[in-house]
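One file, my_file.cif, carrying mmCIF, C-alpha atoms and all ligand atoms:
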data_upload
#
loop_
_atom_site.label_atom_id
_atom_site.label_comp_id
_atom_site.auth_asym_id
_atom_site.auth_seq_id
_atom_site.Cartn_x
_atom_site.Cartn_y
_atom_site.Cartn_z
CA MET G 1 13.40 22.11 29.77
CA SER G 2 11.89 19.15 27.96
CA ILE G 3 13.59 15.76 27.93
CA GLN G 4 15.44 14.86 24.76
CA TYR G 5 15.09 11.22 23.89
CA GLY G 6 17.60 9.12 22.01
CA PRO G 7 21.12 9.78 20.79
CA ASP G 8 22.10 13.04 19.07
CA TYR G 9 22.75 11.22 15.82
CA VAL G 10 19.18 9.97 15.67
CA ARG G 11 17.73 13.41 16.43
CA ALA G 12 19.86 14.84 13.61
CA ILE G 13 18.26 12.62 10.96
CA ALA G 14 16.28 14.41 8.24
CA PRO G 15 13.42 12.01 7.36
CA TYR G 16 13.28 10.42 3.90
CA GLN G 17 11.09 12.40 1.49
CA SER G 18 9.04 10.11 -0.69
CA GLY G 19 7.11 10.97 -3.81
CA LYS G 20 3.78 12.63 -3.02
CA PRO G 21 0.88 10.14 -3.08
CA ILE G 22 -1.78 10.77 -5.76
CA ALA G 23 -4.58 11.09 -3.16
CA GLU G 24 -2.65 13.78 -1.28
CA VAL G 25 -2.10 15.90 -4.40
CA ALA G 26 -5.77 15.49 -5.36
CA ARG G 27 -6.81 16.80 -1.91
CA GLU G 28 -4.29 19.63 -1.80
CA PHE G 29 -4.92 20.98 -5.29
CA GLY G 30 -8.59 20.11 -5.67
CA LEU G 31 -7.96 17.72 -8.57
CA ASP G 32 -9.59 14.52 -9.74
CA GLU G 33 -7.39 11.54 -8.76
CA ALA G 34 -7.94 9.89 -12.14
CA SER G 35 -6.48 12.91 -13.95
CA ILE G 36 -3.23 12.91 -11.95
CA VAL G 37 -0.01 11.63 -13.48
CA LYS G 38 2.60 10.38 -10.99
CA LEU G 39 6.16 10.19 -12.28
CA ALA G 40 7.81 10.57 -8.90
CA SER G 41 8.93 7.25 -7.44
CA ASN G 42 10.48 5.23 -10.29
CA GLU G 43 7.59 2.80 -10.18
CA ASN G 44 6.75 0.52 -13.09
CA PRO G 45 4.09 2.30 -15.18
CA LEU G 46 2.76 -1.04 -16.47
CA GLY G 47 1.44 -1.81 -13.00
CA ILE G 48 1.42 -5.21 -11.34
CA PRO G 49 2.40 -8.10 -13.64
CA GLU G 50 -0.45 -10.57 -14.21
CA SER G 51 1.81 -13.44 -13.10
CA ALA G 52 2.27 -11.80 -9.70
CA LYS G 53 -1.43 -11.05 -9.34
CA GLN G 54 -2.35 -14.72 -9.88
CA ALA G 55 0.32 -15.90 -7.45
CA MET G 56 -0.90 -13.48 -4.79
CA LEU G 57 -4.51 -14.57 -5.20
CA ALA G 58 -3.46 -18.17 -4.72
CA ALA G 59 -1.33 -17.29 -1.68
CA ALA G 60 -4.05 -15.15 -0.09
CA SER G 61 -5.97 -18.16 1.23
CA ASP G 62 -3.07 -18.90 3.58
CA ILE G 63 -2.70 -15.40 4.96
CA ALA G 64 -3.77 -16.37 8.50
CA ARG G 65 -0.44 -18.18 8.77
CA TYR G 66 2.94 -16.54 9.27
CA PRO G 67 5.12 -16.39 6.18
CA ASP G 68 8.02 -18.81 5.72
CA ALA G 69 10.63 -17.05 7.85
CA ASN G 70 13.41 -18.46 5.69
CA GLY G 71 11.71 -17.76 2.37
CA PHE G 72 12.71 -21.22 1.18
CA ASP G 73 10.90 -21.20 -2.18
CA LEU G 74 11.94 -17.68 -3.12
CA LYS G 75 15.54 -18.36 -2.17
CA ALA G 76 15.44 -21.57 -4.21
CA ALA G 77 14.20 -19.61 -7.22
CA LEU G 78 16.85 -16.92 -6.75
CA SER G 79 19.53 -19.53 -6.19
CA ALA G 80 18.63 -21.20 -9.49
CA LYS G 81 18.47 -17.94 -11.40
CA TYR G 82 21.74 -16.47 -10.12
CA ASP G 83 23.59 -19.74 -9.66
CA VAL G 84 24.55 -19.11 -6.03
CA PRO G 85 23.91 -21.31 -2.95
CA GLN G 86 20.84 -20.46 -0.90
CA ASP G 87 22.94 -19.50 2.11
CA TRP G 88 24.36 -16.62 0.02
CA ILE G 89 20.94 -14.96 -0.15
CA THR G 90 19.28 -12.54 2.28
CA LEU G 91 15.67 -11.55 1.66
CA GLY G 92 14.66 -8.00 2.52
CA ASN G 93 11.54 -5.93 3.06
CA GLY G 94 12.48 -4.09 -0.11
CA SER G 95 16.18 -3.78 -0.87
CA ASN G 96 16.04 -0.78 1.47
CA ASP G 97 15.97 -3.38 4.24
CA ILE G 98 19.21 -4.92 2.92
CA LEU G 99 20.92 -1.49 2.94
CA GLU G 100 19.86 -0.88 6.54
CA LEU G 101 20.79 -4.37 7.67
CA ALA G 102 24.27 -3.80 6.24
CA ALA G 103 24.69 -0.59 8.23
CA HIS G 104 23.45 -2.27 11.41
CA ALA G 105 25.58 -5.36 10.95
CA PHE G 106 28.87 -3.71 10.06
CA VAL G 107 29.01 -0.17 11.46
CA GLN G 108 29.38 0.95 15.08
CA PRO G 109 28.87 4.54 16.25
CA GLY G 110 31.76 6.71 15.08
CA GLN G 111 32.96 4.33 12.35
CA ALA G 112 33.02 5.55 8.78
CA VAL G 113 30.80 4.84 5.78
CA VAL G 114 31.79 5.99 2.29
CA TYR G 115 29.28 6.96 -0.39
CA ALA G 116 29.06 9.42 -3.27
CA GLN G 117 27.57 12.89 -3.47
CA TYR G 118 24.18 12.76 -5.27
CA SER G 119 23.76 9.06 -4.52
CA PHE G 120 20.73 7.39 -2.97
CA ALA G 121 19.19 9.18 0.06
CA VAL G 122 19.00 5.99 2.08
CA TYR G 123 22.82 5.78 2.38
CA PRO G 124 23.12 8.85 4.64
CA LEU G 125 19.96 7.77 6.50
CA ALA G 126 21.22 4.25 7.19
CA THR G 127 24.61 5.65 8.20
CA GLN G 128 23.13 8.17 10.62
CA ALA G 129 20.72 5.67 12.15
CA VAL G 130 23.67 3.68 13.50
CA GLY G 131 25.73 6.74 14.45
CA GLY G 132 28.16 6.15 11.60
CA ARG G 133 30.44 8.88 10.30
CA ALA G 134 29.65 9.75 6.68
CA ILE G 135 32.44 10.26 4.18
CA GLU G 136 30.68 11.76 1.16
CA VAL G 137 32.89 11.74 -1.91
CA ALA G 138 32.42 14.48 -4.53
CA ALA G 139 30.64 13.27 -7.66
CA ILE G 140 32.16 13.40 -11.11
CA ASN G 141 29.69 14.33 -13.86
CA TYR G 142 26.89 13.66 -11.33
CA GLY G 143 28.06 10.07 -10.85
CA HIS G 144 30.41 7.97 -8.71
CA ASP G 145 34.13 8.78 -8.78
CA LEU G 146 35.36 5.35 -7.76
CA VAL G 147 39.02 6.35 -7.82
CA ALA G 148 38.32 9.09 -5.28
CA MET G 149 36.04 6.75 -3.30
CA ALA G 150 38.79 4.14 -2.98
CA ALA G 151 41.18 6.87 -1.85
CA ALA G 152 38.63 8.12 0.71
CA ILE G 153 38.54 4.81 2.61
CA THR G 154 40.02 5.30 6.08
CA ALA G 155 41.31 2.79 8.63
CA ASP G 156 37.93 2.93 10.41
CA THR G 157 35.79 2.65 7.26
CA LYS G 158 33.49 -0.37 7.53
CA LEU G 159 31.09 0.07 4.64
CA VAL G 160 30.89 1.56 1.13
CA PHE G 161 27.63 2.13 -0.74
CA ILE G 162 27.61 2.25 -4.55
CA ALA G 163 24.42 2.59 -6.59
CA ASN G 164 24.78 1.36 -10.14
CA PRO G 165 22.87 2.79 -11.96
CA ASN G 166 22.64 5.64 -9.47
CA ASN G 167 19.44 7.26 -8.22
CA PRO G 168 18.60 10.20 -8.61
CA THR G 169 21.12 10.93 -11.37
CA GLY G 170 20.85 7.79 -13.54
CA THR G 171 24.62 7.62 -14.01
CA PHE G 172 26.31 4.28 -14.61
CA VAL G 173 29.81 3.04 -13.81
CA PRO G 174 31.09 0.47 -16.32
CA ALA G 175 32.07 -3.00 -15.12
CA ALA G 176 35.80 -2.44 -15.55
CA GLU G 177 35.78 0.51 -13.14
CA ILE G 178 33.83 -1.42 -10.50
CA GLU G 179 36.21 -4.31 -10.77
CA ALA G 180 39.25 -2.04 -10.44
CA PHE G 181 37.60 -0.55 -7.34
CA LEU G 182 36.89 -3.96 -5.76
CA LYS G 183 40.54 -4.92 -6.25
CA LYS G 184 41.65 -1.85 -4.29
CA VAL G 185 39.23 -2.04 -1.35
CA PRO G 186 40.67 -3.65 1.82
CA GLN G 187 39.01 -7.01 2.56
CA GLN G 188 37.61 -5.88 5.93
CA VAL G 189 35.53 -3.15 4.26
CA VAL G 190 32.12 -4.33 3.08
CA VAL G 191 31.05 -2.97 -0.32
CA VAL G 192 27.33 -2.78 -1.05
CA LEU G 193 26.68 -2.72 -4.78
CA ASP G 194 23.08 -1.53 -5.04
CA GLU G 195 21.66 -2.62 -8.38
CA ALA G 196 18.04 -1.52 -8.03
CA TYR G 197 17.90 -0.55 -11.73
CA ASN G 198 19.97 -3.40 -13.15
CA GLU G 199 17.13 -4.83 -15.25
CA PHE G 200 16.91 -1.60 -17.28
CA LEU G 201 20.51 -1.76 -18.49
CA ALA G 202 21.08 -2.21 -22.19
CA PRO G 203 22.57 -5.66 -22.94
CA GLU G 204 25.98 -4.21 -23.79
CA LEU G 205 26.23 -2.60 -20.32
CA GLN G 206 25.21 -5.70 -18.36
CA TYR G 207 27.81 -7.46 -16.23
CA GLU G 208 27.67 -10.42 -13.88
CA SER G 209 27.97 -9.05 -10.40
CA THR G 210 27.45 -12.51 -8.87
CA ALA G 211 30.79 -13.54 -10.41
CA TRP G 212 32.36 -10.78 -8.31
CA VAL G 213 30.53 -12.03 -5.23
CA ARG G 214 32.30 -15.38 -5.73
CA GLN G 215 35.63 -13.60 -6.00
CA TYR G 216 35.24 -10.93 -3.31
CA PRO G 217 34.08 -12.07 0.16
CA ASN G 218 33.47 -8.43 1.14
CA LEU G 219 30.95 -7.74 -1.66
CA LEU G 220 27.18 -7.55 -1.06
CA VAL G 221 25.01 -7.08 -4.16
CA SER G 222 21.47 -5.83 -3.58
CA ARG G 223 18.53 -6.12 -5.96
CA THR G 224 14.86 -5.28 -5.78
CA PHE G 225 11.46 -6.32 -7.12
CA SER G 226 10.24 -2.71 -6.78
CA LYS G 227 11.37 -1.24 -10.07
CA ALA G 228 11.46 -3.33 -13.27
CA TYR G 229 9.43 -6.13 -11.68
CA GLY G 230 6.57 -3.78 -10.75
CA LEU G 231 6.11 -4.82 -7.09
CA ALA G 232 7.04 -1.64 -5.18
CA GLY G 233 4.04 -1.82 -2.85
CA LEU G 234 4.84 -5.35 -1.73
CA ARG G 235 8.31 -4.51 -0.37
CA VAL G 236 10.63 -7.27 -1.45
CA GLY G 237 14.29 -7.27 -2.38
CA PHE G 238 17.36 -9.38 -1.72
CA GLY G 239 21.08 -9.37 -1.15
CA ILE G 240 23.71 -11.78 -2.48
CA ALA G 241 26.97 -12.24 -0.59
CA GLN G 242 29.18 -15.01 0.71
CA PRO G 243 28.02 -16.73 3.95
CA ALA G 244 30.21 -14.68 6.32
CA ILE G 245 28.23 -11.57 5.40
CA THR G 246 24.89 -13.23 4.72
CA ASP G 247 24.91 -15.01 8.08
CA LEU G 248 25.22 -11.71 9.96
CA LEU G 249 22.45 -10.03 7.97
CA ASN G 250 20.15 -12.94 8.68
CA ARG G 251 20.84 -12.79 12.41
CA ILE G 252 19.65 -9.21 12.73
CA ARG G 253 16.78 -9.11 10.27
CA GLN G 254 13.21 -9.41 11.52
CA PRO G 255 12.17 -13.07 11.43
CA PHE G 256 9.24 -12.39 9.08
CA ASN G 257 10.60 -9.41 7.15
CA VAL G 258 9.12 -10.53 3.82
CA ASN G 259 5.39 -11.27 3.86
CA SER G 260 3.84 -14.29 2.18
CA LEU G 261 2.12 -12.42 -0.67
CA ALA G 262 5.43 -10.75 -1.51
CA GLN G 263 7.27 -14.07 -1.51
CA ALA G 264 4.68 -15.66 -3.81
CA ALA G 265 4.61 -12.71 -6.19
CA ALA G 266 8.39 -12.45 -6.36
CA ILE G 267 8.72 -16.12 -7.31
CA ALA G 268 6.14 -15.63 -10.06
CA VAL G 269 7.77 -12.57 -11.64
CA LEU G 270 11.36 -13.69 -11.29
CA ASN G 271 11.23 -15.57 -14.56
CA ASP G 272 8.48 -13.52 -16.21
CA THR G 273 10.84 -12.43 -18.97
CA GLU G 274 7.94 -11.26 -21.12
CA PHE G 275 6.99 -8.66 -18.51
CA LEU G 276 10.61 -7.65 -17.93
CA ASN G 277 11.26 -7.22 -21.65
CA LYS G 278 8.09 -5.20 -22.05
CA SER G 279 9.13 -2.96 -19.13
CA ALA G 280 12.61 -2.43 -20.54
CA GLN G 281 11.28 -1.62 -24.02
CA LEU G 282 8.67 0.80 -22.68
CA ASN G 283 11.39 2.45 -20.64
CA ALA G 284 13.76 2.80 -23.58
CA ASP G 285 11.01 4.36 -25.71
CA GLY G 286 9.95 6.71 -22.89
CA TYR G 287 13.54 7.79 -22.36
CA LEU G 288 13.72 8.92 -26.00
CA GLN G 289 10.36 10.66 -25.69
CA LEU G 290 11.42 12.64 -22.61
CA THR G 291 14.93 13.50 -23.73
CA ALA G 292 13.72 14.63 -27.16
CA ALA G 293 11.39 17.05 -25.36
CA PHE G 294 14.22 18.27 -23.12
CA ASP G 295 16.40 18.85 -26.19
CA ALA G 296 13.58 20.78 -27.87
CA LEU G 297 13.14 22.90 -24.73
CA ASP G 298 16.91 23.36 -24.49
CA LEU G 299 17.01 21.81 -21.02
CA GLU G 300 20.12 20.12 -19.70
CA TYR G 301 19.69 16.53 -18.47
CA VAL G 302 21.96 13.79 -17.17
CA PRO G 303 22.06 10.78 -19.54
CA SER G 304 20.30 8.02 -17.57
CA CYS G 305 20.57 4.24 -17.40
CA GLY G 306 17.59 3.98 -15.03
CA ASN G 307 13.83 4.43 -15.42
CA PHE G 308 13.99 8.17 -14.70
CA VAL G 309 15.75 11.29 -15.93
CA LEU G 310 17.29 14.15 -13.96
CA VAL G 311 16.59 17.42 -15.75
CA ARG G 312 17.72 20.97 -14.98
CA VAL G 313 14.65 23.20 -15.06
CA GLY G 314 16.36 26.53 -14.33
CA HIS G 315 19.54 28.27 -13.27
CA ASP G 316 18.50 29.67 -9.92
CA ASP G 317 18.13 27.68 -6.72
CA GLY G 318 14.39 28.27 -6.60
CA ALA G 319 13.86 26.65 -10.00
CA GLY G 320 13.18 23.07 -8.90
CA ALA G 321 10.59 24.05 -6.28
CA ARG G 322 8.94 26.61 -8.59
CA VAL G 323 8.55 24.29 -11.57
CA ASN G 324 7.53 21.44 -9.28
CA LEU G 325 4.67 23.52 -7.87
CA ALA G 326 3.57 24.59 -11.35
CA LEU G 327 3.50 20.91 -12.38
CA LEU G 328 1.55 19.87 -9.25
CA LYS G 329 -1.11 22.47 -10.02
CA GLN G 330 -1.54 20.77 -13.39
CA GLY G 331 -1.80 17.35 -11.74
CA VAL G 332 1.69 16.09 -12.56
CA ILE G 333 3.78 14.70 -9.68
CA VAL G 334 7.56 14.52 -10.19
CA ARG G 335 10.41 14.46 -7.66
CA PRO G 336 12.14 17.59 -6.42
CA VAL G 337 15.75 16.83 -5.51
CA ALA G 338 16.82 19.89 -3.50
CA SER G 339 17.40 17.57 -0.53
CA TYR G 340 20.10 15.89 -2.63
CA GLY G 341 21.79 19.26 -3.18
CA LEU G 342 20.21 19.63 -6.64
CA PRO G 343 17.75 22.56 -6.24
CA GLN G 344 17.82 23.47 -9.96
CA TRP G 345 16.80 19.97 -11.03
CA LEU G 346 13.80 17.62 -11.02
CA ARG G 347 13.79 13.85 -11.35
CA ILE G 348 11.18 12.50 -13.74
CA SER G 349 10.26 8.82 -13.67
CA ILE G 350 9.59 7.42 -17.14
CA GLY G 351 5.89 6.61 -17.55
CA LEU G 352 3.49 5.37 -20.20
CA PRO G 353 3.67 7.32 -23.50
CA GLN G 354 0.51 9.31 -22.66
CA GLU G 355 1.82 10.06 -19.14
CA ASN G 356 5.12 11.31 -20.55
CA ALA G 357 3.19 13.45 -23.03
CA ALA G 358 1.05 14.94 -20.25
CA PHE G 359 4.17 15.76 -18.28
CA ILE G 360 5.86 17.37 -21.31
CA ALA G 361 2.81 19.53 -22.01
CA ALA G 362 2.65 20.59 -18.34
CA LEU G 363 6.37 21.31 -18.29
CA GLN G 364 6.10 23.54 -21.36
CA LYS G 365 3.37 25.52 -19.59
CA ALA G 366 5.32 25.63 -16.32
CA LEU G 367 8.37 27.06 -18.06
CA SER G 368 6.54 29.69 -20.14
C1 LIG Q 1 14.39 2.39 -5.27
C2 LIG Q 1 15.79 2.12 -4.82
C3 LIG Q 1 16.11 1.13 -3.88
C4 LIG Q 1 15.18 0.32 -3.08
O1 LIG Q 1 13.96 0.16 -3.28
P1 LIG Q 1 13.15 -0.94 -2.47
O2 LIG Q 1 11.77 -0.64 -2.88
O3 LIG Q 1 13.40 -0.73 -1.01
O4 LIG Q 1 13.65 -2.25 -2.93
C5 LIG Q 1 17.41 0.90 -3.57
N1 LIG Q 1 18.39 1.59 -4.13
C6 LIG Q 1 18.15 2.54 -5.03
C7 LIG Q 1 19.30 3.25 -5.62
C8 LIG Q 1 16.84 2.84 -5.39
O5 LIG Q 1 16.61 3.84 -6.23
#
What does this structure look like when you write it as structure tokens?
Amino acid sequence: MSIQYGPDYVRAIAPYQSGKPIAEVAREFGLDEASIVKLASNENPLGIPESAKQAMLAAASDIARYPDANGFDLKAALSAKYDVPQDWITLGNGSNDILELAAHAFVQPGQAVVYAQYSFAVYPLATQAVGGRAIEVAAINYGHDLVAMAAAITADTKLVFIANPNNPTGTFVPAAEIEAFLKKVPQQVVVVLDEAYNEFLAPELQYESTAWVRQYPNLLVSRTFSKAYGLAGLRVGFGIAQPAITDLLNRIRQPFNVNSLAQAAAIAVLNDTEFLNKSAQLNADGYLQLTAAFDALDLEYVPSCGNFVLVRVGHDDGAGARVNLALLKQGVIVRPVASYGLPQWLRISIGLPQENAAFIAALQKALS
């Protein structure tokens, strides 16, 4: 009998499935890399912002040195932008890091973590990695049912994850519902409000989550530079919470969890409103382009507030995998979501107009 290493709860983890890299699809299907369209990881189709590129080039000459472990300049920039003290900020190796740090800091084996059905895959992963007990609350219209989530909190619940907008469904919970939820949650339960797609929200949906951080000492807001800011490959995100929470996250993070190029680039893009506006506009246009095609093809989709759309490509549980394969053969990479319990659906990241058009043409073929 072979030795089994590690705790049962670690061996039970199903690894995160990322979008297929372009090079891998080119190899597998004998395609030219340049002809492949990747709409699978909610990346910014505009590519790296010029402001970030310049900042990285300037920072590159110092790369023999360790990064600033405290990220002083980036925290100063974030502090100014969000009007919070610097000791309310935790920098992360992507906001994924913040989510994991929260699980490590607040949850012991056997204690409960509450999150919604069809919410971000990292919540169950982070929960399982620390031996936490998952309480998955049934979704309502593919989104968070915050009334049911508040009711699901048990005496041993330590953490709640909420993605707003949610990935992979794109659903959005309005500010009033979040606030009503925060009022109900016991103070000893930490609430992570994951706002990875915040910058894509239409102005009328925007709310000031940092105002809630001031009011609720148990709230941790997480943000990322990976999506609207176009820096997914650099891995940089951050959390905002009062010092009691922030202090713990900073104790357990790796000392140099955000590298120097990432720090420099993040500072540069933080106030690059031109790039952000361009991204948001491109996204809004692409959303109309994709959903018009889904309407024309009579495909159901979930109205999305993110930079992606969840679309139902069939009514049998093989549909997602089948259509995904047909798209891959045509050089279009999207995201199957069977692992989320959505085998009839695919998640399509919104791309450049010509990328969206290539996907639509391939989808038409795949369905016929
Ligand atoms: C993409 C995403 C993140 C994190 O991305 P990072 O690249 O780690 O910052 C966090 N939450 C949700 C809901 C996401 O979709």
With distances taken over all atoms listed in the file, which residue among G:Val258, G:Val107, G:Ile135, G:Ala296 lies nearest ligand LIG 1 (chain Q)? G:Val258
Calculate how many Å separate atom CA of G:Val190 from atom CA of G:Ala103, rounding to one decimal. 9.8 Å
Within 9 Å of ligand LIG 1 (chain Q), counting all atoms listed in the file, which protein or nucleic acid residues do you find, written as a PDB file with C-alpha atoms, keeping the file's coordinate frame?
ATOM      1  CA  SER G  41       8.930   7.250  -7.440  1.00  0.00           C
ATOM      2  CA  ASN G  42      10.480   5.230 -10.290  1.00  0.00           C
ATOM      3  CA  GLU G  43       7.590   2.800 -10.180  1.00  0.00           C
ATOM      4  CA  GLY G  92      14.660  -8.000   2.520  1.00  0.00           C
ATOM      5  CA  ASN G  93      11.540  -5.930   3.060  1.00  0.00           C
ATOM      6  CA  GLY G  94      12.480  -4.090  -0.110  1.00  0.00           C
ATOM      7  CA  SER G  95      16.180  -3.780  -0.870  1.00  0.00           C
ATOM      8  CA  ASN G  96      16.040  -0.780   1.470  1.00  0.00           C
ATOM      9  CA  ASP G  97      15.970  -3.380   4.240  1.00  0.00           C
ATOM     10  CA  ILE G  98      19.210  -4.920   2.920  1.00  0.00           C
ATOM     11  CA  LEU G  99      20.920  -1.490   2.940  1.00  0.00           C
ATOM     12  CA  SER G 119      23.760   9.060  -4.520  1.00  0.00           C
ATOM     13  CA  PHE G 120      20.730   7.390  -2.970  1.00  0.00           C
ATOM     14  CA  ALA G 121      19.190   9.180   0.060  1.00  0.00           C
ATOM     15  CA  VAL G 122      19.000   5.990   2.080  1.00  0.00           C
ATOM     16  CA  TYR G 123      22.820   5.780   2.380  1.00  0.00           C
ATOM     17  CA  ILE G 162      27.610   2.250  -4.550  1.00  0.00           C
ATOM     18  CA  ALA G 163      24.420   2.590  -6.590  1.00  0.00           C
ATOM     19  CA  ASN G 164      24.780   1.360 -10.140  1.00  0.00           C
ATOM     20  CA  PRO G 165      22.870   2.790 -11.960  1.00  0.00           C
ATOM     21  CA  ASN G 166      22.640   5.640  -9.470  1.00  0.00           C
ATOM     22  CA  ASN G 167      19.440   7.260  -8.220  1.00  0.00           C
ATOM     23  CA  PRO G 168      18.600  10.200  -8.610  1.00  0.00           C
ATOM     24  CA  ASP G 194      23.080  -1.530  -5.040  1.00  0.00           C
ATOM     25  CA  GLU G 195      21.660  -2.620  -8.380  1.00  0.00           C
ATOM     26  CA  ALA G 196      18.040  -1.520  -8.030  1.00  0.00           C
ATOM     27  CA  TYR G 197      17.900  -0.550 -11.730  1.00  0.00           C
ATOM     28  CA  SER G 222      21.470  -5.830  -3.580  1.00  0.00           C
ATOM     29  CA  ARG G 223      18.530  -6.120  -5.960  1.00  0.00           C
ATOM     30  CA  THR G 224      14.860  -5.280  -5.780  1.00  0.00           C
ATOM     31  CA  PHE G 225      11.460  -6.320  -7.120  1.00  0.00           C
ATOM     32  CA  SER G 226      10.240  -2.710  -6.780  1.00  0.00           C
ATOM     33  CA  LYS G 227      11.370  -1.240 -10.070  1.00  0.00           C
ATOM     34  CA  LEU G 231       6.110  -4.820  -7.090  1.00  0.00           C
ATOM     35  CA  ALA G 232       7.040  -1.640  -5.180  1.00  0.00           C
ATOM     36  CA  GLY G 233       4.040  -1.820  -2.850  1.00  0.00           C
ATOM     37  CA  LEU G 234       4.840  -5.350  -1.730  1.00  0.00           C
ATOM     38  CA  ARG G 235       8.310  -4.510  -0.370  1.00  0.00           C
ATOM     39  CA  VAL G 236      10.630  -7.270  -1.450  1.00  0.00           C
ATOM     40  CA  GLY G 237      14.290  -7.270  -2.380  1.00  0.00           C
ATOM     41  CA  PHE G 238      17.360  -9.380  -1.720  1.00  0.00           C
ATOM     42  CA  GLY G 306      17.590   3.980 -15.030  1.00  0.00           C
TER      43      GLY G 306
END
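Atom CA of G:Thr291 is positioned 10.1 Å from atom CA of G:Leu310.
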If I take atom CA of G:Leu101 and atom CA of G:Tyr207, how far is one from the other in Å, to one decimal? 25.1 Å
Find the spatial neighbours of stretch 13-23 of chain G, counting only C-alpha atoms, within a cut-off of 10 Å - ignore same-chain residues fewer than 3 positions away - and output them as a VMD selection string. chain G and resid 8 to 10 26 to 28 31 to 42 121 to 122 124 to 129 328 331 to 337 339
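Minimum distance to G:Arg65 across G:Thr210, G:Val269, G:Val84, G:Phe256 (counting all atoms listed in the file) occurs at G:Phe256.
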Distance query stretch 174-177 of chain G at most 9 Å, only C-alpha atoms, self and fewer than 5 positions along chain excluded, as a PyMOL selection string: chain G and resi 146-147+164+182+205-209
Taking (16.0, -19.0, -2.4) in the coordinates of the supplied file, I want to know which residues reach to within 10 Å of it, counting all atoms listed in the file; could you give the answer as a PDB file with C-alpha atoms, in the coordinates of the input?
ATOM      1  CA  ASN G  70      13.410 -18.460   5.690  1.00  0.00           C
ATOM      2  CA  GLY G  71      11.710 -17.760   2.370  1.00  0.00           C
ATOM      3  CA  PHE G  72      12.710 -21.220   1.180  1.00  0.00           C
ATOM      4  CA  ASP G  73      10.900 -21.200  -2.180  1.00  0.00           C
ATOM      5  CA  LEU G  74      11.940 -17.680  -3.120  1.00  0.00           C
ATOM      6  CA  LYS G  75      15.540 -18.360  -2.170  1.00  0.00           C
ATOM      7  CA  ALA G  76      15.440 -21.570  -4.210  1.00  0.00           C
ATOM      8  CA  ALA G  77      14.200 -19.610  -7.220  1.00  0.00           C
ATOM      9  CA  LEU G  78      16.850 -16.920  -6.750  1.00  0.00           C
ATOM     10  CA  SER G  79      19.530 -19.530  -6.190  1.00  0.00           C
ATOM     11  CA  ALA G  80      18.630 -21.200  -9.490  1.00  0.00           C
ATOM     12  CA  LYS G  81      18.470 -17.940 -11.400  1.00  0.00           C
ATOM     13  CA  TYR G  82      21.740 -16.470 -10.120  1.00  0.00           C
ATOM     14  CA  VAL G  84      24.550 -19.110  -6.030  1.00  0.00           C
ATOM     15  CA  PRO G  85      23.910 -21.310  -2.950  1.00  0.00           C
ATOM     16  CA  GLN G  86      20.840 -20.460  -0.900  1.00  0.00           C
ATOM     17  CA  ASP G  87      22.940 -19.500   2.110  1.00  0.00           C
ATOM     18  CA  TRP G  88      24.360 -16.620   0.020  1.00  0.00           C
ATOM     19  CA  ILE G  89      20.940 -14.960  -0.150  1.00  0.00           C
ATOM     20  CA  THR G  90      19.280 -12.540   2.280  1.00  0.00           C
ATOM     21  CA  LEU G  91      15.670 -11.550   1.660  1.00  0.00           C
ATOM     22  CA  PHE G 238      17.360  -9.380  -1.720  1.00  0.00           C
ATOM     23  CA  ILE G 267       8.720 -16.120  -7.310  1.00  0.00           C
TER      24      ILE G 267
END
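The shortest atom-to-atom distance to G:Val213, with only C-alpha atoms taken into account, belongs to G:Leu193 out of G:Leu193, G:Pro7, G:Gly230, G:Pro343.
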Edge lengths and centre in Å, axis-aligned, stretch 343-353 of chain G plus 8 Å each side, as lines of an AutoDock Vina configuration file:
center_x = 10.7
center_y = 14.4
center_z = -14.9
size_x = 30.3
size_y = 34.1
size_z = 33.3
Name all residues at most 10 Å from G:Ala52 (count all atoms listed in the file; drop same-chain ones fewer than 5 positions away) and give them as an NGL selection string. :G and (57-58 or 229-231 or 261-270 or 272)
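Considering all atoms listed in the file, the residue among G:Ile178, G:Leu299, G:Ala228, G:Ala362 positioned nearest to G:Val192 is G:Ile178.
Closest approach to G:Ile245 from the set G:Ala284, G:Ala105, G:Ala55, G:Ile360 is made by G:Ala105, with distances taken over only C-alpha atoms.
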So that I can see what lies close to G:Ala366, please list as JSON, numbers by chain the residues with an atom at most 10 Å from it, counting all atoms listed in the file and leaving out residues fewer than 2 positions away in the same chain. {"G": [313, 322, 323, 324, 325, 326, 327, 328, 329, 330, 360, 361, 362, 363, 364, 368]}
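Each of G:Leu290, G:Val114, G:Ala12, G:Val137 was compared to G:Ala358 using all atoms listed in the file, and G:Leu290 turns out to be the nearest.
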